[in-house]
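Shown here: structure-v4.csv, CSV, C-alpha atoms and all ligand atoms.
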```
chain,number,residue,atom,x,y,z
A,1,MET,CA,4.0,-14.7,-11.4
A,2,PRO,CA,0.2,-14.3,-11.0
A,3,ALA,CA,-1.3,-12.2,-8.2
A,4,ALA,CA,-1.5,-13.9,-4.8
A,5,SER,CA,-4.4,-14.0,-2.4
A,6,LEU,CA,-3.9,-12.5,1.1
A,7,GLU,CA,-5.8,-13.6,4.2
A,8,VAL,CA,-5.3,-12.2,7.7
A,9,ARG,CA,-6.6,-14.1,10.6
A,10,GLY,CA,-6.8,-12.7,14.2
A,11,LEU,CA,-3.8,-10.4,13.8
A,12,LYS,CA,-2.7,-8.6,17.0
A,13,ALA,CA,0.2,-6.3,16.6
A,14,GLY,CA,1.8,-3.0,17.8
A,15,TYR,CA,5.1,-1.5,18.9
A,16,GLY,CA,7.1,-2.8,21.8
A,17,PRO,CA,4.6,-3.2,24.7
A,18,THR,CA,1.9,-1.1,22.9
A,19,VAL,CA,-0.9,-3.1,21.2
A,20,VAL,CA,-2.3,-1.1,18.3
A,21,LEU,CA,-4.2,-3.7,16.2
A,22,GLU,CA,-6.5,-6.3,17.7
A,23,ASP,CA,-8.4,-9.2,16.1
A,24,ILE,CA,-7.8,-8.1,12.5
A,25,SER,CA,-9.3,-10.6,10.0
A,26,PHE,CA,-10.0,-10.1,6.3
A,27,ALA,CA,-9.4,-11.8,3.0
A,28,VAL,CA,-8.4,-10.3,-0.3
A,29,PRO,CA,-8.8,-12.6,-3.3
A,30,ALA,CA,-5.9,-12.9,-5.8
A,31,GLY,CA,-6.0,-10.0,-8.3
A,32,SER,CA,-8.5,-7.8,-6.4
A,33,ARG,CA,-8.3,-4.4,-4.9
A,34,LEU,CA,-9.0,-3.5,-1.3
A,35,ALA,CA,-9.0,0.0,0.3
A,36,VAL,CA,-8.1,0.4,4.0
A,37,LEU,CA,-9.9,3.4,5.3
A,38,GLY,CA,-10.3,5.2,8.7
A,39,ARG,CA,-9.5,8.5,10.4
A,40,ASN,CA,-6.0,9.5,11.3
A,41,GLY,CA,-4.2,7.4,13.9
A,42,MET,CA,-6.6,4.4,13.6
A,43,GLY,CA,-3.9,1.9,12.6
A,44,LYS,CA,-3.8,1.9,8.8
A,45,THR,CA,0.0,2.3,8.5
A,46,THR,CA,0.5,-0.1,11.4
A,47,LEU,CA,-1.6,-2.7,9.5
A,48,LEU,CA,0.6,-2.4,6.4
A,49,SER,CA,3.9,-2.4,8.3
A,50,SER,CA,2.6,-5.5,10.3
A,51,LEU,CA,1.9,-7.3,7.1
A,52,MET,CA,5.5,-6.6,6.1
A,53,GLY,CA,6.8,-7.8,9.4
A,54,MET,CA,8.2,-4.5,10.4
A,55,ASN,CA,6.8,-4.3,13.9
A,56,ARG,CA,5.8,-6.5,16.8
A,57,ARG,CA,3.2,-9.2,16.3
A,58,TYR,CA,1.5,-10.8,19.3
A,59,GLY,CA,-0.5,-13.3,17.4
A,60,GLY,CA,-2.5,-14.2,14.3
A,61,ALA,CA,-1.8,-15.5,10.8
A,62,ILE,CA,-0.9,-13.8,7.5
A,63,LEU,CA,-1.6,-16.2,4.6
A,64,LEU,CA,-0.1,-15.5,1.2
A,65,ASP,CA,-1.7,-17.8,-1.2
A,66,GLY,CA,-2.5,-20.0,1.8
A,67,GLY,CA,1.0,-20.1,3.2
A,68,ASP,CA,1.5,-18.4,6.6
A,69,VAL,CA,4.3,-15.8,6.4
A,70,ALA,CA,3.6,-14.3,9.9
A,71,ALA,CA,6.7,-15.8,11.4
A,72,LEU,CA,9.1,-14.8,8.6
A,73,ARG,CA,11.3,-11.7,8.6
A,74,SER,CA,10.6,-8.8,6.3
A,75,SER,CA,13.2,-9.7,3.6
A,76,GLU,CA,11.7,-13.2,3.3
A,77,ARG,CA,8.2,-11.8,3.0
A,78,CYS,CA,9.4,-9.6,0.2
A,79,ARG,CA,10.9,-12.6,-1.5
A,80,ARG,CA,7.6,-14.4,-1.2
A,81,GLY,CA,5.8,-11.6,-3.0
A,82,LEU,CA,4.8,-8.8,-0.5
A,83,GLY,CA,5.8,-5.3,-1.6
A,84,LEU,CA,5.3,-2.0,0.3
A,85,VAL,CA,5.4,1.6,-0.9
A,86,PRO,CA,5.7,3.4,2.4
A,87,GLN,CA,4.1,6.7,3.3
A,88,THR,CA,7.6,8.2,3.6
A,89,ARG,CA,8.5,7.7,-0.2
A,90,ASP,CA,11.7,6.0,0.7
A,91,ILE,CA,14.0,6.7,-2.3
A,92,PHE,CA,17.7,7.3,-2.2
A,93,ARG,CA,18.0,11.0,-2.5
A,94,SER,CA,21.6,11.1,-3.5
A,95,LEU,CA,21.2,8.4,-6.3
A,96,THR,CA,19.9,9.1,-9.8
A,97,VAL,CA,16.4,7.8,-10.8
A,98,GLU,CA,18.1,5.0,-12.8
A,99,GLU,CA,20.3,4.0,-9.9
A,100,ASN,CA,17.2,4.0,-7.6
A,101,LEU,CA,15.5,1.6,-10.1
A,102,LEU,CA,18.5,-0.7,-10.3
A,103,VAL,CA,18.1,-1.2,-6.5
A,104,GLY,CA,14.6,-2.5,-7.1
A,105,ILE,CA,15.3,-5.1,-9.8
A,106,LYS,CA,16.6,-7.7,-7.4
A,107,ASP,CA,18.3,-10.4,-9.5
A,108,ARG,CA,16.6,-9.4,-12.8
A,109,SER,CA,18.4,-7.9,-15.8
A,110,ARG,CA,18.8,-4.1,-16.2
A,111,GLY,CA,16.4,-4.3,-19.2
A,112,VAL,CA,13.4,-4.5,-16.9
A,113,ILE,CA,13.9,-0.9,-16.0
A,114,ALA,CA,12.1,-0.2,-19.3
A,115,GLU,CA,8.9,-1.5,-17.5
A,116,ALA,CA,9.2,1.3,-15.0
A,117,TYR,CA,9.6,3.9,-17.7
A,118,ASP,CA,6.6,2.5,-19.6
A,119,MET,CA,4.6,2.9,-16.4
A,120,PHE,CA,5.9,6.4,-15.7
A,121,PRO,CA,7.4,8.1,-18.8
A,122,ARG,CA,8.3,11.1,-16.7
A,123,LEU,CA,10.9,9.0,-14.9
A,124,LYS,CA,12.6,8.2,-18.2
A,125,GLU,CA,12.9,11.9,-18.9
A,126,ARG,CA,14.5,12.4,-15.5
A,127,ARG,CA,16.5,9.3,-15.4
A,128,ARG,CA,19.8,11.1,-14.7
A,129,ASN,CA,18.4,13.4,-12.1
A,130,LEU,CA,19.1,12.8,-8.4
A,131,GLY,CA,16.4,11.8,-6.0
A,132,TRP,CA,16.4,15.1,-4.2
A,133,GLN,CA,15.9,17.0,-7.5
A,134,LEU,CA,12.6,15.4,-8.2
A,135,SER,CA,9.2,16.9,-7.4
A,136,GLY,CA,7.0,15.2,-4.7
A,137,GLY,CA,5.0,13.5,-7.5
A,138,GLU,CA,8.1,12.2,-9.3
A,139,GLN,CA,9.5,10.9,-6.0
A,140,GLN,CA,6.3,9.0,-5.4
A,141,MET,CA,6.4,7.5,-8.9
A,142,LEU,CA,10.0,6.4,-8.3
A,143,SER,CA,9.1,4.9,-5.0
A,144,VAL,CA,6.2,3.0,-6.6
A,145,ALA,CA,8.2,2.0,-9.7
A,146,ARG,CA,11.1,0.6,-7.5
A,147,THR,CA,8.7,-1.6,-5.5
A,148,ILE,CA,7.0,-2.8,-8.6
A,149,LEU,CA,10.2,-3.8,-10.3
A,150,GLY,CA,10.5,-6.4,-7.5
A,151,ARG,CA,7.3,-8.0,-9.0
A,152,PRO,CA,5.2,-8.1,-5.9
A,153,THR,CA,2.2,-10.4,-6.0
A,154,VAL,CA,0.6,-8.4,-3.2
A,155,LEU,CA,1.3,-4.7,-3.3
A,156,LEU,CA,0.7,-2.5,-0.2
A,157,LEU,CA,0.3,1.3,-0.9
A,158,ASP,CA,0.4,3.7,2.0
A,159,GLU,CA,-1.3,7.0,1.2
A,160,PRO,CA,0.4,7.3,-2.2
A,161,LEU,CA,-1.5,10.5,-3.1
A,162,GLU,CA,-0.6,12.4,0.1
A,163,GLY,CA,0.4,16.0,-0.7
A,164,LEU,CA,0.3,15.6,-4.5
A,165,ALA,CA,-1.4,17.8,-7.1
A,166,PRO,CA,-4.7,16.4,-8.6
A,167,VAL,CA,-3.1,15.8,-12.0
A,168,ILE,CA,-0.3,13.7,-10.5
A,169,CYS,CA,-2.9,11.8,-8.3
A,170,GLU,CA,-4.8,10.9,-11.5
A,171,GLU,CA,-1.6,9.7,-13.2
A,172,LEU,CA,-0.7,7.5,-10.2
A,173,MET,CA,-4.3,6.1,-9.8
A,174,ALA,CA,-4.3,5.3,-13.6
A,175,ALA,CA,-1.0,3.4,-13.2
A,176,PHE,CA,-2.4,1.4,-10.2
A,177,THR,CA,-5.5,0.6,-12.2
A,178,ARG,CA,-3.4,-0.7,-15.1
A,179,LEU,CA,-1.3,-2.7,-12.7
A,180,ALA,CA,-4.3,-4.3,-11.1
A,181,ALA,CA,-5.8,-5.1,-14.5
A,182,SER,CA,-2.6,-6.9,-15.5
A,183,GLY,CA,-3.7,-9.7,-13.1
A,184,GLU,CA,-0.1,-9.8,-11.6
A,185,THR,CA,-0.8,-8.0,-8.4
A,186,THR,CA,-3.3,-7.9,-5.6
A,187,ILE,CA,-3.4,-4.3,-4.2
A,188,LEU,CA,-4.2,-3.0,-0.7
A,189,LEU,CA,-4.5,0.8,-0.8
A,190,VAL,CA,-4.5,3.0,2.3
A,191,GLU,CA,-5.8,6.4,1.2
A,192,GLN,CA,-7.4,9.5,2.8
A,193,ARG,CA,-8.9,10.7,-0.5
A,194,LEU,CA,-12.1,8.7,-0.3
A,195,GLU,CA,-13.3,9.3,-3.8
A,196,SER,CA,-10.1,8.0,-5.3
A,197,ALA,CA,-10.0,5.1,-3.0
A,198,LEU,CA,-13.6,4.1,-3.8
A,199,ASP,CA,-13.1,4.6,-7.5
A,200,PHE,CA,-10.2,2.2,-7.3
A,201,ALA,CA,-11.2,-0.5,-4.8
A,202,GLN,CA,-13.7,-3.3,-5.0
A,203,SER,CA,-13.9,-3.8,-1.3
A,204,VAL,CA,-13.1,-1.8,1.8
A,205,VAL,CA,-12.1,-2.4,5.4
A,206,ILE,CA,-12.6,0.5,7.9
A,207,LEU,CA,-10.3,0.7,10.9
A,208,GLU,CA,-11.2,2.4,14.2
A,209,ARG,CA,-8.9,2.3,17.1
A,210,GLY,CA,-7.0,-0.7,15.7
A,211,ARG,CA,-10.1,-2.8,15.0
A,212,ILE,CA,-12.1,-3.5,11.8
A,213,VAL,CA,-15.5,-1.8,12.3
A,214,TRP,CA,-16.8,-2.3,8.8
A,215,HIS,CA,-15.9,-4.6,5.9
A,216,GLY,CA,-17.9,-4.6,2.6
A,217,ALA,CA,-18.1,-3.6,-1.0
A,218,ALA,CA,-16.9,-0.1,-2.1
A,219,HIS,CA,-20.2,0.6,-3.9
A,220,THR,CA,-22.1,-0.1,-0.6
A,221,LEU,CA,-20.0,2.4,1.3
A,222,ARG,CA,-20.3,5.0,-1.5
A,223,ALA,CA,-24.1,4.8,-1.3
A,224,ASP,CA,-24.2,5.1,2.5
A,225,HIS,CA,-23.4,8.6,3.6
A,226,GLY,CA,-24.3,7.8,7.2
A,227,LEU,CA,-21.6,5.2,7.3
A,228,VAL,CA,-19.1,7.5,5.8
A,229,GLU,CA,-19.9,10.3,8.3
A,230,ARG,CA,-19.7,7.9,11.2
A,231,TYR,CA,-16.3,6.3,10.4
A,232,ILE,CA,-14.5,8.6,8.0
A,233,GLY,CA,-15.9,12.1,8.7
A,234,VAL,CA,-18.2,14.7,7.4
A,235,GLY,CA,-17.3,15.8,3.9
A,236,GLY,CA,-15.6,12.5,3.0
A,237,LEU,CA,-17.7,12.2,-0.1
A,238,HIS,CA,-18.8,15.0,-2.4
B,1,LIG,N1,6.4,3.7,16.3
B,1,LIG,C1,5.4,3.7,17.1
B,1,LIG,N2,5.4,3.4,18.4
B,1,LIG,C2,4.3,3.5,19.2
B,1,LIG,N3,3.1,3.8,18.8
B,1,LIG,C3,3.0,4.1,17.5
B,1,LIG,C4,4.1,4.1,16.6
B,1,LIG,N4,3.6,4.4,15.3
B,1,LIG,C5,2.3,4.6,15.5
B,1,LIG,N5,1.9,4.4,16.7
B,1,LIG,C6,0.5,4.5,17.3
B,1,LIG,O1,-0.3,3.6,16.6
B,1,LIG,C7,-1.6,4.1,16.4
B,1,LIG,C8,-1.9,3.9,14.9
B,1,LIG,O2,-1.1,4.7,14.1
B,1,LIG,P1,-1.0,4.6,12.5
B,1,LIG,O3,0.1,5.4,12.0
B,1,LIG,O4,-0.9,3.1,12.2
B,1,LIG,O5,-2.4,5.1,12.1
B,1,LIG,P2,-2.9,5.6,10.7
B,1,LIG,O6,-4.4,5.2,10.6
B,1,LIG,O7,-2.0,5.1,9.6
B,1,LIG,O8,-2.8,7.2,10.8
B,1,LIG,P3,-2.4,8.3,9.7
B,1,LIG,O9,-3.6,8.4,8.7
B,1,LIG,O10,-2.3,9.5,10.5
B,1,LIG,O11,-1.2,7.8,9.0
B,1,LIG,C9,-1.6,5.5,16.8
B,1,LIG,O12,-2.1,5.6,18.1
B,1,LIG,C10,-0.1,5.9,16.9
B,1,LIG,O13,0.2,6.8,17.9
```
As structure tokens, please, write out the structure in this file.
Ligand SMILES: Nc1ncnc2c1ncn2[C@@H]1O[C@H](COP(=O)(O)OP(=O)(O)OP(=O)(O)O)[C@@H](O)[C@H]1O
Amino acid sequence: MPAASLEVRGLKAGYGPTVVLEDISFAVPAGSRLAVLGRNGMGKTTLLSSLMGMNRRYGGAILLDGGDVAALRSSERCRRGLGLVPQTRDIFRSLTVEENLLVGIKDRSRGVIAEAYDMFPRLKERRRNLGWQLSGGEQQMLSVARTILGRPTVLLLDEPLEGLAPVICEELMAAFTRLAASGETTILLVEQRLESALDFAQSVVILERGRIVWHGAAHTLRADHGLVERYIGVGGLH
């Protein structure tokens, strides 16, 4: 399946009675790469979980290739092509790498696991290891690989580089870039490492207190240190 477009219109969402996101609107063309930036606690994770239908929505539309999925439950949104790699790296710690991948293949044949091993050869070497025996970087690769085996047409990545060594970050970013280049997945990346996010993304939205305060091209943000200091913090770019 080719990548899908994503359009969010007037999304208002939060947790129980607490409204976190207000009036969120943006569009991501099919096959493109968007970075979602902002300081801690500004609503980035809430945005991704709201797109997946994992918390409360008060209003607004979420259009996947033009079809509104906002009223659908999470499992149905997954079936329609949304895939999330959560910040918590949710792998099964007591299952092997291969067993974790089998969970991700949905109704496809076991052979597709080779795709995950092509993407991250390290996982093949460790295929009989249990989840808890993996390093943080390997756990993240497994979490990403498992989501990708579900063939998402829009992939949501929540701070995939958090706490990882630079060499592992490079390996992950290279894999995301290859994935984006395949034309099969539109990618939304939430990331604190600004340089990596701007190297990867074509466009950017910046969240502040649950609202979009800036939306534009990655190269425009990179060139505007004043903007970076204002919304992301001093030292964001080197
Ligand atoms: N389960 C929850 N119940 C109530 N409020 C929550 C819940 N999770 C997050 N929030 C609140 O929502 C706001 C946005 O949090 P969120 O985690 O989306 O921000 P973030 O930009 O992803 O931050 P970080 O970079 O620290 O992960 C914060 O004020 C937070 O306290």
> What is the atom CA of A:Met173 to atom CA of A:Ser203 distance in Å?
Replying inline: 16.2 Å
> With distances taken over only C-alpha atoms and all ligand atoms, which of A:Ile113, A:Met42, A:Leu48, A:Leu6 is nearest to ligand LIG 1 (chain B)?
Replying inline: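 Closest to ligand LIG 1 (chain B) of all the choices is A:Met42.
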>> Calculated over all atoms listed in the file, which of the candidates A:Gly38, A:Arg126, A:Phe120, A:Lys12 has the smallest distance to A:Val228?
In response: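 Nearest to A:Val228: A:Gly38.
The gap separating atom CA of A:Gly150 from atom CA of A:Arg108 is 8.6 Å, in Å to one decimal.
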> Between atom CA of A:Asp158 and atom CA of A:Leu172, what is the distance, to one decimal in Å?
Replying inline: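 Taking atom CA of A:Asp158 as the start and atom CA of A:Leu172 as the end point, the length is 12.8 Å.
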